[in-house]
file work-v4.cif (mmCIF, C-alpha atoms and all ligand atoms)
data_input
loop_
_atom_site.group_PDB
_atom_site.id
_atom_site.type_symbol
_atom_site.label_atom_id
_atom_site.label_comp_id
_atom_site.auth_asym_id
_atom_site.auth_seq_id
_atom_site.Cartn_x
_atom_site.Cartn_y
_atom_site.Cartn_z
ATOM 1 C CA MET Q 1 73.510 -22.917 -95.005
ATOM 2 C CA SER Q 2 76.864 -22.868 -96.659
ATOM 3 C CA HIS Q 3 78.890 -25.115 -98.835
ATOM 4 C CA THR Q 4 81.266 -27.160 -96.708
ATOM 5 C CA ALA Q 5 82.501 -30.195 -98.635
ATOM 6 C CA ASN Q 6 82.963 -31.583 -102.107
ATOM 7 C CA ILE Q 7 79.888 -33.585 -102.988
ATOM 8 C CA ALA Q 8 79.119 -35.571 -106.144
ATOM 9 C CA LEU Q 9 75.771 -36.840 -107.376
ATOM 10 C CA ILE Q 10 76.290 -39.854 -109.644
ATOM 11 C CA THR Q 11 73.364 -41.474 -111.423
ATOM 12 C CA GLY Q 12 73.489 -45.246 -111.816
ATOM 13 C CA ALA Q 13 76.274 -45.723 -109.281
ATOM 14 C CA SER Q 14 75.028 -49.025 -107.852
ATOM 15 C CA ARG Q 15 77.072 -50.935 -110.440
ATOM 16 C CA GLY Q 16 79.557 -50.599 -113.281
ATOM 17 C CA LEU Q 17 81.145 -47.339 -114.323
ATOM 18 C CA GLY Q 18 79.102 -45.140 -111.973
ATOM 19 C CA ARG Q 19 80.086 -47.223 -108.965
ATOM 20 C CA ASN Q 20 83.743 -47.232 -109.993
ATOM 21 C CA THR Q 21 83.647 -43.450 -110.416
ATOM 22 C CA ALA Q 22 82.063 -43.102 -106.966
ATOM 23 C CA MET Q 23 84.884 -45.078 -105.344
ATOM 24 C CA HIS Q 24 87.614 -43.074 -107.036
ATOM 25 C CA LEU Q 25 85.952 -39.779 -106.134
ATOM 26 C CA ALA Q 26 85.524 -40.956 -102.542
ATOM 27 C CA LYS Q 27 89.252 -41.753 -102.436
ATOM 28 C CA LYS Q 28 89.844 -38.133 -103.436
ATOM 29 C CA GLY Q 29 87.790 -36.951 -100.465
ATOM 30 C CA VAL Q 30 84.422 -36.443 -102.167
ATOM 31 C CA ASP Q 31 81.106 -37.331 -100.507
ATOM 32 C CA ILE Q 32 78.685 -39.185 -102.759
ATOM 33 C CA ILE Q 33 74.958 -39.140 -103.452
ATOM 34 C CA LEU Q 34 74.450 -42.232 -105.556
ATOM 35 C CA THR Q 35 71.390 -43.400 -107.380
ATOM 36 C CA TYR Q 36 70.121 -46.798 -108.394
ATOM 37 C CA HIS Q 37 67.114 -47.834 -110.442
ATOM 38 C CA ALA Q 38 66.049 -51.272 -109.174
ATOM 39 C CA ASN Q 39 69.044 -52.784 -107.420
ATOM 40 C CA ARG Q 40 68.827 -51.390 -103.890
ATOM 41 C CA GLY Q 41 71.124 -54.095 -102.474
ATOM 42 C CA GLU Q 42 74.009 -53.165 -104.774
ATOM 43 C CA ALA Q 43 73.445 -49.473 -104.051
ATOM 44 C CA ASP Q 44 73.626 -50.091 -100.304
ATOM 45 C CA ALA Q 45 76.811 -52.139 -100.793
ATOM 46 C CA ALA Q 46 78.338 -49.271 -102.789
ATOM 47 C CA ALA Q 47 77.358 -46.830 -100.036
ATOM 48 C CA ALA Q 48 78.991 -49.090 -97.422
ATOM 49 C CA GLU Q 49 82.201 -49.126 -99.488
ATOM 50 C CA ILE Q 50 82.178 -45.325 -99.631
ATOM 51 C CA SER Q 51 81.631 -45.112 -95.872
ATOM 52 C CA ALA Q 52 84.551 -47.503 -95.370
ATOM 53 C CA LEU Q 53 86.677 -44.994 -97.284
ATOM 54 C CA GLY Q 54 85.699 -42.399 -94.694
ATOM 55 C CA ARG Q 55 83.300 -40.393 -96.864
ATOM 56 C CA ARG Q 56 79.588 -39.715 -96.548
ATOM 57 C CA ALA Q 57 77.227 -41.630 -98.834
ATOM 58 C CA ALA Q 58 73.495 -41.343 -99.493
ATOM 59 C CA VAL Q 59 71.398 -43.624 -101.681
ATOM 60 C CA LEU Q 60 68.451 -42.354 -103.732
ATOM 61 C CA GLN Q 61 66.182 -44.209 -106.141
ATOM 62 C CA LEU Q 62 65.922 -42.727 -109.640
ATOM 63 C CA ASP Q 63 64.414 -43.745 -112.936
ATOM 64 C CA SER Q 64 66.334 -41.449 -115.214
ATOM 65 C CA GLY Q 65 63.735 -41.964 -117.948
ATOM 66 C CA ASP Q 66 60.854 -40.695 -115.781
ATOM 67 C CA VAL Q 67 60.883 -36.922 -116.118
ATOM 68 C CA ALA Q 68 57.739 -36.569 -113.978
ATOM 69 C CA SER Q 69 59.645 -37.928 -110.979
ATOM 70 C CA PHE Q 70 62.485 -35.399 -111.136
ATOM 71 C CA ALA Q 71 60.825 -32.780 -108.917
ATOM 72 C CA ARG Q 72 60.527 -35.404 -106.172
ATOM 73 C CA PHE Q 73 64.105 -36.491 -106.805
ATOM 74 C CA ALA Q 74 65.382 -32.914 -106.539
ATOM 75 C CA ALA Q 75 63.504 -32.504 -103.246
ATOM 76 C CA GLU Q 76 65.093 -35.714 -101.931
ATOM 77 C CA THR Q 77 68.519 -34.494 -103.017
ATOM 78 C CA ARG Q 78 67.926 -31.190 -101.240
ATOM 79 C CA ALA Q 79 66.969 -33.109 -98.087
ATOM 80 C CA VAL Q 80 70.182 -35.185 -98.212
ATOM 81 C CA LEU Q 81 72.245 -32.020 -98.619
ATOM 82 C CA ALA Q 82 70.423 -30.338 -95.738
ATOM 83 C CA GLY Q 83 71.182 -33.373 -93.583
ATOM 84 C CA TRP Q 84 74.851 -32.855 -94.424
ATOM 85 C CA GLY Q 85 74.661 -29.150 -93.583
ATOM 86 C CA CYS Q 86 74.928 -28.069 -97.242
ATOM 87 C CA ASP Q 87 72.624 -26.607 -99.824
ATOM 88 C CA ARG Q 88 74.549 -27.435 -103.008
ATOM 89 C CA PHE Q 89 76.597 -30.233 -104.536
ATOM 90 C CA ASP Q 90 79.627 -29.800 -106.795
ATOM 91 C CA TYR Q 91 79.768 -32.578 -109.358
ATOM 92 C CA LEU Q 92 76.976 -34.160 -111.388
ATOM 93 C CA VAL Q 93 77.785 -37.326 -113.325
ATOM 94 C CA ASN Q 94 74.983 -38.300 -115.726
ATOM 95 C CA ASN Q 95 75.928 -41.945 -116.073
ATOM 96 C CA ALA Q 96 72.814 -44.120 -115.620
ATOM 97 C CA GLY Q 97 71.708 -46.155 -118.560
ATOM 98 C CA THR Q 98 70.951 -49.408 -120.264
ATOM 99 C CA GLY Q 99 71.604 -50.727 -123.750
ATOM 100 C CA VAL Q 100 69.175 -52.056 -126.340
ATOM 101 C CA TRP Q 101 70.639 -53.894 -129.320
ATOM 102 C CA ALA Q 102 68.401 -53.910 -132.397
ATOM 103 C CA PRO Q 103 69.128 -53.485 -136.100
ATOM 104 C CA PHE Q 104 67.865 -50.198 -137.519
ATOM 105 C CA ALA Q 105 65.212 -51.982 -139.617
ATOM 106 C CA GLU Q 106 63.795 -53.699 -136.518
ATOM 107 C CA THR Q 107 64.036 -50.989 -133.855
ATOM 108 C CA SER Q 108 60.579 -50.471 -132.361
ATOM 109 C CA GLU Q 109 59.156 -47.121 -131.379
ATOM 110 C CA ALA Q 110 58.992 -48.428 -127.802
ATOM 111 C CA ASP Q 111 62.735 -49.224 -127.813
ATOM 112 C CA PHE Q 112 63.474 -45.834 -129.331
ATOM 113 C CA ASP Q 113 61.392 -44.003 -126.710
ATOM 114 C CA HIS Q 114 62.935 -46.054 -123.895
ATOM 115 C CA LEU Q 115 66.449 -45.133 -125.012
ATOM 116 C CA MET Q 116 65.531 -41.526 -125.705
ATOM 117 C CA ASN Q 117 63.971 -41.098 -122.272
ATOM 118 C CA ILE Q 118 66.885 -42.590 -120.350
ATOM 119 C CA HIS Q 119 69.848 -41.420 -122.402
ATOM 120 C CA PHE Q 120 68.752 -38.028 -123.700
ATOM 121 C CA LYS Q 121 65.490 -36.510 -122.439
ATOM 122 C CA GLY Q 122 66.175 -37.691 -118.901
ATOM 123 C CA VAL Q 123 69.704 -36.268 -118.911
ATOM 124 C CA TYR Q 124 68.386 -32.978 -120.304
ATOM 125 C CA PHE Q 125 65.619 -32.431 -117.767
ATOM 126 C CA LEU Q 126 67.299 -34.002 -114.737
ATOM 127 C CA THR Q 127 70.210 -31.608 -115.149
ATOM 128 C CA GLN Q 128 67.791 -28.703 -115.637
ATOM 129 C CA LYS Q 129 65.934 -29.658 -112.439
ATOM 130 C CA LEU Q 130 69.149 -30.051 -110.429
ATOM 131 C CA LEU Q 131 70.779 -26.829 -111.647
ATOM 132 C CA PRO Q 132 69.741 -24.749 -108.616
ATOM 133 C CA LEU Q 133 71.429 -27.361 -106.414
ATOM 134 C CA ILE Q 134 74.770 -27.320 -108.267
ATOM 135 C CA SER Q 135 77.447 -25.010 -106.892
ATOM 136 C CA ASP Q 136 78.693 -22.122 -108.987
ATOM 137 C CA GLY Q 137 82.043 -23.403 -110.246
ATOM 138 C CA GLY Q 138 80.685 -26.954 -110.246
ATOM 139 C CA ARG Q 139 81.241 -29.595 -112.905
ATOM 140 C CA ILE Q 140 79.067 -31.871 -114.977
ATOM 141 C CA VAL Q 141 80.136 -34.995 -116.843
ATOM 142 C CA ASN Q 142 77.745 -36.538 -119.339
ATOM 143 C CA VAL Q 143 78.610 -40.138 -120.145
ATOM 144 C CA SER Q 144 78.314 -40.893 -123.856
ATOM 145 C CA SER Q 145 79.817 -43.785 -125.812
ATOM 146 C CA GLY Q 146 82.475 -44.445 -128.394
ATOM 147 C CA LEU Q 147 79.525 -45.556 -130.526
ATOM 148 C CA ALA Q 148 78.622 -41.910 -131.110
ATOM 149 C CA ARG Q 149 81.842 -41.642 -133.179
ATOM 150 C CA PHE Q 150 82.300 -45.124 -134.699
ATOM 151 C CA THR Q 151 79.478 -47.311 -135.914
ATOM 152 C CA LEU Q 152 78.625 -50.900 -135.036
ATOM 153 C CA PRO Q 153 75.413 -52.444 -136.396
ATOM 154 C CA GLY Q 154 72.544 -52.617 -133.901
ATOM 155 C CA PHE Q 155 73.151 -49.441 -131.952
ATOM 156 C CA SER Q 156 71.460 -46.824 -134.144
ATOM 157 C CA ALA Q 157 68.959 -45.594 -131.529
ATOM 158 C CA TYR Q 158 71.282 -45.922 -128.518
ATOM 159 C CA ALA Q 159 74.185 -44.187 -130.239
ATOM 160 C CA ALA Q 160 71.980 -41.437 -131.661
ATOM 161 C CA MET Q 161 70.857 -40.556 -128.133
ATOM 162 C CA LYS Q 162 74.481 -40.449 -127.011
ATOM 163 C CA GLY Q 163 75.239 -38.213 -129.983
ATOM 164 C CA ALA Q 164 72.467 -35.892 -128.837
ATOM 165 C CA VAL Q 165 73.999 -35.751 -125.370
ATOM 166 C CA GLU Q 166 77.335 -34.741 -126.894
ATOM 167 C CA VAL Q 167 75.703 -31.748 -128.614
ATOM 168 C CA LEU Q 168 73.840 -30.939 -125.402
ATOM 169 C CA THR Q 169 77.164 -30.930 -123.530
ATOM 170 C CA ARG Q 170 78.491 -28.102 -125.711
ATOM 171 C CA TYR Q 171 75.357 -26.011 -125.231
ATOM 172 C CA GLN Q 172 75.388 -26.582 -121.489
ATOM 173 C CA ALA Q 173 79.058 -25.577 -121.332
ATOM 174 C CA LYS Q 174 78.273 -22.422 -123.269
ATOM 175 C CA GLU Q 175 75.287 -21.398 -121.157
ATOM 176 C CA LEU Q 176 76.487 -22.545 -117.729
ATOM 177 C CA GLY Q 177 79.926 -20.995 -118.113
ATOM 178 C CA ALA Q 178 78.418 -17.809 -116.706
ATOM 179 C CA ARG Q 179 78.148 -19.668 -113.385
ATOM 180 C CA GLY Q 180 81.625 -21.177 -113.757
ATOM 181 C CA ILE Q 181 80.149 -24.628 -114.339
ATOM 182 C CA ARG Q 182 82.230 -26.811 -116.684
ATOM 183 C CA VAL Q 183 80.483 -29.490 -118.721
ATOM 184 C CA ASN Q 184 82.236 -32.277 -120.597
ATOM 185 C CA THR Q 185 81.395 -35.556 -122.297
ATOM 186 C CA VAL Q 186 83.243 -38.756 -121.428
ATOM 187 C CA ALA Q 187 82.791 -41.396 -124.136
ATOM 188 C CA PRO Q 188 83.959 -44.843 -123.005
ATOM 189 C CA GLY Q 189 84.790 -47.624 -125.423
ATOM 190 C CA ALA Q 190 83.438 -51.104 -124.721
ATOM 191 C CA ILE Q 191 83.947 -51.842 -121.018
ATOM 192 C CA GLU Q 192 83.496 -55.080 -119.073
ATOM 193 C CA THR Q 193 80.415 -54.344 -116.949
ATOM 194 C CA ASP Q 194 76.858 -55.733 -116.661
ATOM 195 C CA PHE Q 195 75.911 -53.408 -119.543
ATOM 196 C CA ALA Q 196 74.135 -55.019 -122.531
ATOM 197 C CA GLY Q 197 73.771 -58.292 -120.656
ATOM 198 C CA GLY Q 198 77.443 -58.261 -119.698
ATOM 199 C CA SER Q 199 78.401 -59.198 -123.264
ATOM 200 C CA VAL Q 200 81.764 -57.398 -123.404
ATOM 201 C CA ARG Q 201 82.836 -59.207 -120.217
ATOM 202 C CA ASP Q 202 81.081 -62.570 -120.591
ATOM 203 C CA ASN Q 203 80.871 -63.268 -124.334
ATOM 204 C CA PRO Q 204 84.367 -64.408 -125.442
ATOM 205 C CA GLU Q 205 83.678 -63.543 -129.072
ATOM 206 C CA VAL Q 206 82.580 -59.970 -128.261
ATOM 207 C CA ASN Q 207 85.505 -59.591 -125.884
ATOM 208 C CA ARG Q 208 88.020 -60.832 -128.488
ATOM 209 C CA HIS Q 209 86.535 -58.648 -131.211
ATOM 210 C CA THR Q 210 86.671 -55.584 -128.950
ATOM 211 C CA ALA Q 211 90.308 -56.314 -128.099
ATOM 212 C CA SER Q 212 91.183 -56.750 -131.775
ATOM 213 C CA GLN Q 213 89.783 -53.301 -132.631
ATOM 214 C CA THR Q 214 91.532 -51.558 -129.732
ATOM 215 C CA ALA Q 215 95.059 -50.190 -130.098
ATOM 216 C CA LEU Q 216 95.936 -51.292 -126.569
ATOM 217 C CA GLY Q 217 94.752 -54.815 -127.370
ATOM 218 C CA ARG Q 218 92.070 -55.531 -124.772
ATOM 219 C CA ALA Q 219 88.540 -54.578 -123.763
ATOM 220 C CA GLY Q 220 88.171 -51.813 -121.187
ATOM 221 C CA LEU Q 221 87.669 -52.345 -117.455
ATOM 222 C CA PRO Q 222 85.725 -50.144 -115.015
ATOM 223 C CA ASP Q 223 89.088 -49.121 -113.528
ATOM 224 C CA ASP Q 224 89.949 -47.586 -116.912
ATOM 225 C CA ILE Q 225 87.033 -45.145 -116.575
ATOM 226 C CA GLY Q 226 86.298 -44.252 -112.927
ATOM 227 C CA PRO Q 227 89.717 -42.709 -112.171
ATOM 228 C CA MET Q 228 89.575 -40.757 -115.420
ATOM 229 C CA ILE Q 229 86.205 -39.192 -114.549
ATOM 230 C CA ALA Q 230 87.406 -38.464 -111.007
ATOM 231 C CA SER Q 231 90.472 -36.782 -112.460
ATOM 232 C CA LEU Q 232 88.467 -34.811 -115.024
ATOM 233 C CA LEU Q 233 86.302 -33.459 -112.212
ATOM 234 C CA SER Q 234 89.324 -32.358 -110.185
ATOM 235 C CA ASP Q 235 90.806 -28.895 -110.273
ATOM 236 C CA ASP Q 236 93.794 -30.140 -112.317
ATOM 237 C CA ASN Q 237 91.448 -30.241 -115.304
ATOM 238 C CA ARG Q 238 89.599 -27.005 -114.616
ATOM 239 C CA TRP Q 239 90.245 -25.509 -118.063
ATOM 240 C CA ILE Q 240 88.735 -28.452 -119.978
ATOM 241 C CA ASN Q 241 85.240 -27.371 -120.959
ATOM 242 C CA GLY Q 242 82.688 -28.324 -123.597
ATOM 243 C CA GLN Q 243 84.834 -31.240 -124.769
ATOM 244 C CA ARG Q 244 84.202 -34.833 -125.760
ATOM 245 C CA ILE Q 245 86.923 -37.117 -124.426
ATOM 246 C CA GLU Q 246 86.945 -40.692 -125.643
ATOM 247 C CA VAL Q 247 88.319 -43.213 -123.162
ATOM 248 C CA SER Q 248 88.660 -46.392 -125.138
ATOM 249 C CA GLY Q 249 92.295 -47.479 -125.267
ATOM 250 C CA GLY Q 250 92.237 -46.309 -128.875
ATOM 251 C CA ALA Q 251 89.196 -48.091 -130.352
ATOM 252 C CA TYR Q 252 88.588 -48.004 -134.099
ATOM 253 C CA LEU Q 253 91.282 -45.410 -134.679
HETATM 254 P P1 LIG F 1 75.718 -51.126 -115.833
HETATM 255 O O1 LIG F 1 74.645 -51.932 -116.473
HETATM 256 O O2 LIG F 1 76.883 -51.824 -115.212
HETATM 257 O O3 LIG F 1 75.097 -50.149 -114.712
HETATM 258 C C1 LIG F 1 73.994 -49.364 -115.049
HETATM 259 C C2 LIG F 1 73.642 -48.440 -113.918
HETATM 260 O O4 LIG F 1 72.569 -47.588 -114.354
HETATM 261 C C3 LIG F 1 73.135 -49.165 -112.685
HETATM 262 O O5 LIG F 1 73.486 -48.414 -111.541
HETATM 263 C C4 LIG F 1 71.620 -49.150 -112.892
HETATM 264 O O6 LIG F 1 70.873 -49.216 -111.681
HETATM 265 C C5 LIG F 1 71.430 -47.795 -113.532
HETATM 266 N N1 LIG F 1 70.233 -47.716 -114.379
HETATM 267 C C6 LIG F 1 69.844 -48.583 -115.341
HETATM 268 N N2 LIG F 1 68.676 -48.170 -115.885
HETATM 269 C C7 LIG F 1 68.321 -47.040 -115.249
HETATM 270 C C8 LIG F 1 67.216 -46.157 -115.320
HETATM 271 N N3 LIG F 1 66.204 -46.357 -116.174
HETATM 272 N N4 LIG F 1 67.189 -45.082 -114.497
HETATM 273 C C9 LIG F 1 68.188 -44.872 -113.627
HETATM 274 N N5 LIG F 1 69.247 -45.680 -113.481
HETATM 275 C C10 LIG F 1 69.309 -46.747 -114.280
HETATM 276 O O7 LIG F 1 76.198 -50.131 -117.007
HETATM 277 P P2 LIG F 1 77.595 -49.358 -117.217
HETATM 278 O O8 LIG F 1 78.160 -48.976 -115.919
HETATM 279 O O9 LIG F 1 78.418 -50.153 -118.150
HETATM 280 O O10 LIG F 1 77.095 -48.072 -118.024
HETATM 281 C C11 LIG F 1 77.102 -46.786 -117.457
HETATM 282 C C12 LIG F 1 77.007 -45.751 -118.563
HETATM 283 O O11 LIG F 1 78.093 -45.918 -119.452
HETATM 284 C C13 LIG F 1 75.740 -45.842 -119.418
HETATM 285 O O12 LIG F 1 75.275 -44.545 -119.726
HETATM 286 C C14 LIG F 1 76.227 -46.526 -120.688
HETATM 287 O O13 LIG F 1 75.428 -46.176 -121.791
HETATM 288 C C15 LIG F 1 77.630 -45.974 -120.785
HETATM 289 N N6 LIG F 1 78.572 -46.767 -121.568
HETATM 290 C C16 LIG F 1 78.878 -48.062 -121.219
HETATM 291 C C17 LIG F 1 79.782 -48.776 -121.981
HETATM 292 C C18 LIG F 1 80.136 -50.195 -121.676
HETATM 293 O O14 LIG F 1 80.671 -50.878 -122.561
HETATM 294 N N7 LIG F 1 79.899 -50.690 -120.469
HETATM 295 C C19 LIG F 1 80.433 -48.185 -123.154
HETATM 296 C C20 LIG F 1 80.082 -46.811 -123.402
HETATM 297 C C21 LIG F 1 79.172 -46.151 -122.632
HETATM 298 P P3 LIG F 1 70.428 -50.658 -111.035
HETATM 299 O O15 LIG F 1 71.682 -51.281 -110.479
HETATM 300 O O16 LIG F 1 69.445 -50.316 -109.980
HETATM 301 O O17 LIG F 1 69.853 -51.470 -112.160
#
call {"tool": "encode", "arguments": {"input": "work-v4.cif", "output": "structure tokens", "more": "lines below"}}
Ligand code: NDP
result
Amino acid sequence: MSHTANIALITGASRGLGRNTAMHLAKKGVDIILTYHANRGEADAAAAEISALGRRAAVLQLDSGDVASFARFAAETRAVLAGWGCDRFDYLVNNAGTGVWAPFAETSEADFDHLMNIHFKGVYFLTQKLLPLISDGGRIVNVSSGLARFTLPGFSAYAAMKGAVEVLTRYQAKELGARGIRVNTVAPGAIETDFAGGSVRDNPEVNRHTASQTALGRAGLPDDIGPMIASLLSDDNRWINGQRIEVSGGAYL
């Protein structure tokens, strides 16, 4: 089997930033394997939108905190690719995730482990498991957060995991460069999605505060992120490697 088309695998693409990225990649002619965790209906709707754009879409279930399931997930990915007449995909976007807000003094070990598994350990071992399925010359984007640079109370565990992913990105870029695979971190500022109970979008106080700390004077929208990731993955940006790029409208400068 040979490689015939540009294909992206995006984790957590049923909603929010992953879904927006999927749509912008599809508009650039990329076929999409998208994952969801629990929300099959939204994932199917996203797949229908991709199909309407004239691209192929496949939906797979993934718990990105469940390392034991990754062998099965890789086998399912291989089966999707085989169905499309391919044996590799080109772009991996490690995007899936949830937020837990808790002050440092009150963060439980269970919360810590939950965040570690989804945001760090899962990203580490999912990428390792999928490596044989990524094309030489492929690209990986690890989604971090502005919170790995600036500090807001209540995000110590979440942000520390994102910080770990940023270090991981540099090591992956170093080691995978031999295969021509570029690896970068995209660190969004606060964006209006369902994340953290939808607080940036739905809580006027959080929204106002975010806007007040952002040079461009508003909270971010999914459309501020998806096109950027799609562009970063394109050949125009082929020499960007091992970098952390914050996409926040200038938050906490
Ligand atoms: P959303 O809550 O809108 O979407 C989360 C996505 O991740 C959904 O597709 C969801 O699937 C999936 N998901 C949730 N938990 C798991 C899990 N355990 N395993 C696999 N998939 C899971 O979040 P965003 O789009 O806002 O966030 C995307 C990424 O961006 C996250 O990594 C987040 O940390 C990061 N980020 C977000 C910011 C923001 O302000 N929104 C700011 C900075 C970073 P399902 O629909 O099935 O539940």
call {"tool": "resolve_selection", "arguments": {"input": "work-v4.cif", "expression": "the PyMOL selection byres (((chain Q and resi 15-31) around 7) and not hetatm)", "output": "compact mmCIF listing (two decimals) with C-alpha atoms, in the frame of the given file"}}
result
# COMPACT_ATOMS: atom_id res chain seq x y z
CA ASN Q 6 82.96 -31.58 -102.11
CA ILE Q 7 79.89 -33.58 -102.99
CA ALA Q 8 79.12 -35.57 -106.14
CA ILE Q 10 76.29 -39.85 -109.64
CA THR Q 11 73.36 -41.47 -111.42
CA GLY Q 12 73.49 -45.25 -111.82
CA ALA Q 13 76.27 -45.72 -109.28
CA SER Q 14 75.03 -49.02 -107.85
CA ILE Q 32 78.68 -39.18 -102.76
CA GLU Q 42 74.01 -53.16 -104.77
CA ALA Q 46 78.34 -49.27 -102.79
CA ILE Q 50 82.18 -45.32 -99.63
CA LEU Q 53 86.68 -44.99 -97.28
CA ARG Q 55 83.30 -40.39 -96.86
CA ARG Q 56 79.59 -39.72 -96.55
CA ALA Q 57 77.23 -41.63 -98.83
CA ASN Q 95 75.93 -41.94 -116.07
CA THR Q 193 80.42 -54.34 -116.95
CA ASP Q 194 76.86 -55.73 -116.66
CA PRO Q 222 85.72 -50.14 -115.02
CA ASP Q 223 89.09 -49.12 -113.53
CA ILE Q 225 87.03 -45.14 -116.58
CA GLY Q 226 86.30 -44.25 -112.93
CA PRO Q 227 89.72 -42.71 -112.17
CA ILE Q 229 86.20 -39.19 -114.55
CA ALA Q 230 87.41 -38.46 -111.01
call {"tool": "residues_around", "arguments": {"input": "work-v4.cif", "residues": "Leu81 in chain Q", "least_positions_apart": "2", "cutoff": "10 Å", "atoms": "only C-alpha atoms", "output": "list in words"}}
result
Met1, His3, Ile7, Ile33, Ala58, Ala75, Glu76, Thr77, Arg78, Ala79, Gly83, Trp84, Gly85, Cys86, Asp87, Arg88, Phe89 and Leu133 of chain Q
call {"tool": "closest_residue", "arguments": {"input": "work-v4.cif", "among": "Q:His209, Q:His114, Q:Arg72, Q:Arg244", "to": "ligand LIG 1 (chain F)", "atoms": "all atoms listed in the file"}}
result
Q:His114
call {"tool": "resolve_selection", "arguments": {"input": "work-v4.cif", "expression": "the PyMOL selection byres (((chain Q and resi 61) around 10) and not hetatm)", "output": "ChimeraX atom specification"}}
result
/Q:11-12,34-40,43,59-60,62-64,73,76
call {"tool": "residues_around", "arguments": {"input": "work-v4.cif", "residues": "range 169-182 of chain Q", "least_positions_apart": "3", "cutoff": "8 Å", "atoms": "only C-alpha atoms", "output": "JSON, numbers by chain"}}
result
{"Q": [135, 136, 137, 138, 139, 140, 142, 165, 166, 185, 238, 240, 241, 242, 243]}
call {"tool": "atom_distance", "arguments": {"input": "work-v4.cif", "atom1": "CA of Phe104 in chain Q", "atom2": "CA of Tyr158 in chain Q"}}
result
10.5 Å
call {"tool": "closest_residue", "arguments": {"input": "work-v4.cif", "among": "Q:Val200, Q:Met228, Q:Ala71, Q:Ala164", "to": "ligand LIG 1 (chain F)", "atoms": "all atoms listed in the file"}}
result
Q:Val200
call {"tool": "closest_residue", "arguments": {"input": "work-v4.cif", "among": "Q:Met116, Q:Leu168, Q:Ala190, Q:Ala157", "to": "ligand LIG 1 (chain F)", "atoms": "all atoms listed in the file"}}
result
Q:Ala190
call {"tool": "resolve_selection", "arguments": {"input": "work-v4.cif", "expression": "the PyMOL selection byres (((chain Q and resi 97) around 7) and not hetatm)", "output": "list of chain:residue names"}}
result
Q:Asn95, Q:Ala96, Q:Thr98, Q:Gly99, Q:Ile118, Q:His119
call {"tool": "closest_residue", "arguments": {"input": "work-v4.cif", "among": "Q:Phe155, Q:Ala102, Q:Gly65, Q:Ile191", "to": "Asn117 in chain Q", "atoms": "all atoms listed in the file"}}
result
Q:Gly65
call {"tool": "closest_residue", "arguments": {"input": "work-v4.cif", "among": "Q:Pro153, Q:Pro132, Q:Gly198, Q:Pro103", "to": "ligand LIG 1 (chain F)", "atoms": "all atoms listed in the file"}}
result
Q:Gly198
call {"tool": "atom_distance", "arguments": {"input": "work-v4.cif", "atom1": "atom O2 of ligand LIG 1 (chain F)", "atom2": "CA of Phe195 in chain Q"}}
result
4.7 Å
call {"tool": "axis_aligned_box", "arguments": {"input": "work-v4.cif", "around": "ligand LIG 1 (chain F)", "padding_each_side": "5 Å", "output": "lines of an AutoDock Vina configuration file"}}
result
center_x = 73.4
center_y = -48.2
center_z = -116.7
size_x = 24.5
size_y = 17.4
size_z = 23.4
call {"tool": "residues_around", "arguments": {"input": "work-v4.cif", "residues": "Ala215 in chain Q", "least_positions_apart": "4", "cutoff": "12 Å", "atoms": "all atoms listed in the file", "output": "list in words"}}
result
Gly189, Thr210, Ala211, Ala219, Gly220, Val247, Ser248, Gly249, Gly250, Ala251, Tyr252 and Leu253 of chain Q
call {"tool": "atom_distance", "arguments": {"input": "work-v4.cif", "atom1": "CA of Gly217 in chain Q", "atom2": "CA of Ser156 in chain Q"}}
result
25.5 Å
call {"tool": "closest_residue", "arguments": {"input": "work-v4.cif", "among": "Q:Asn207, Q:Pro188, Q:Tyr124, Q:Ser108", "to": "Leu147 in chain Q", "atoms": "all atoms listed in the file"}}
result
Q:Pro188
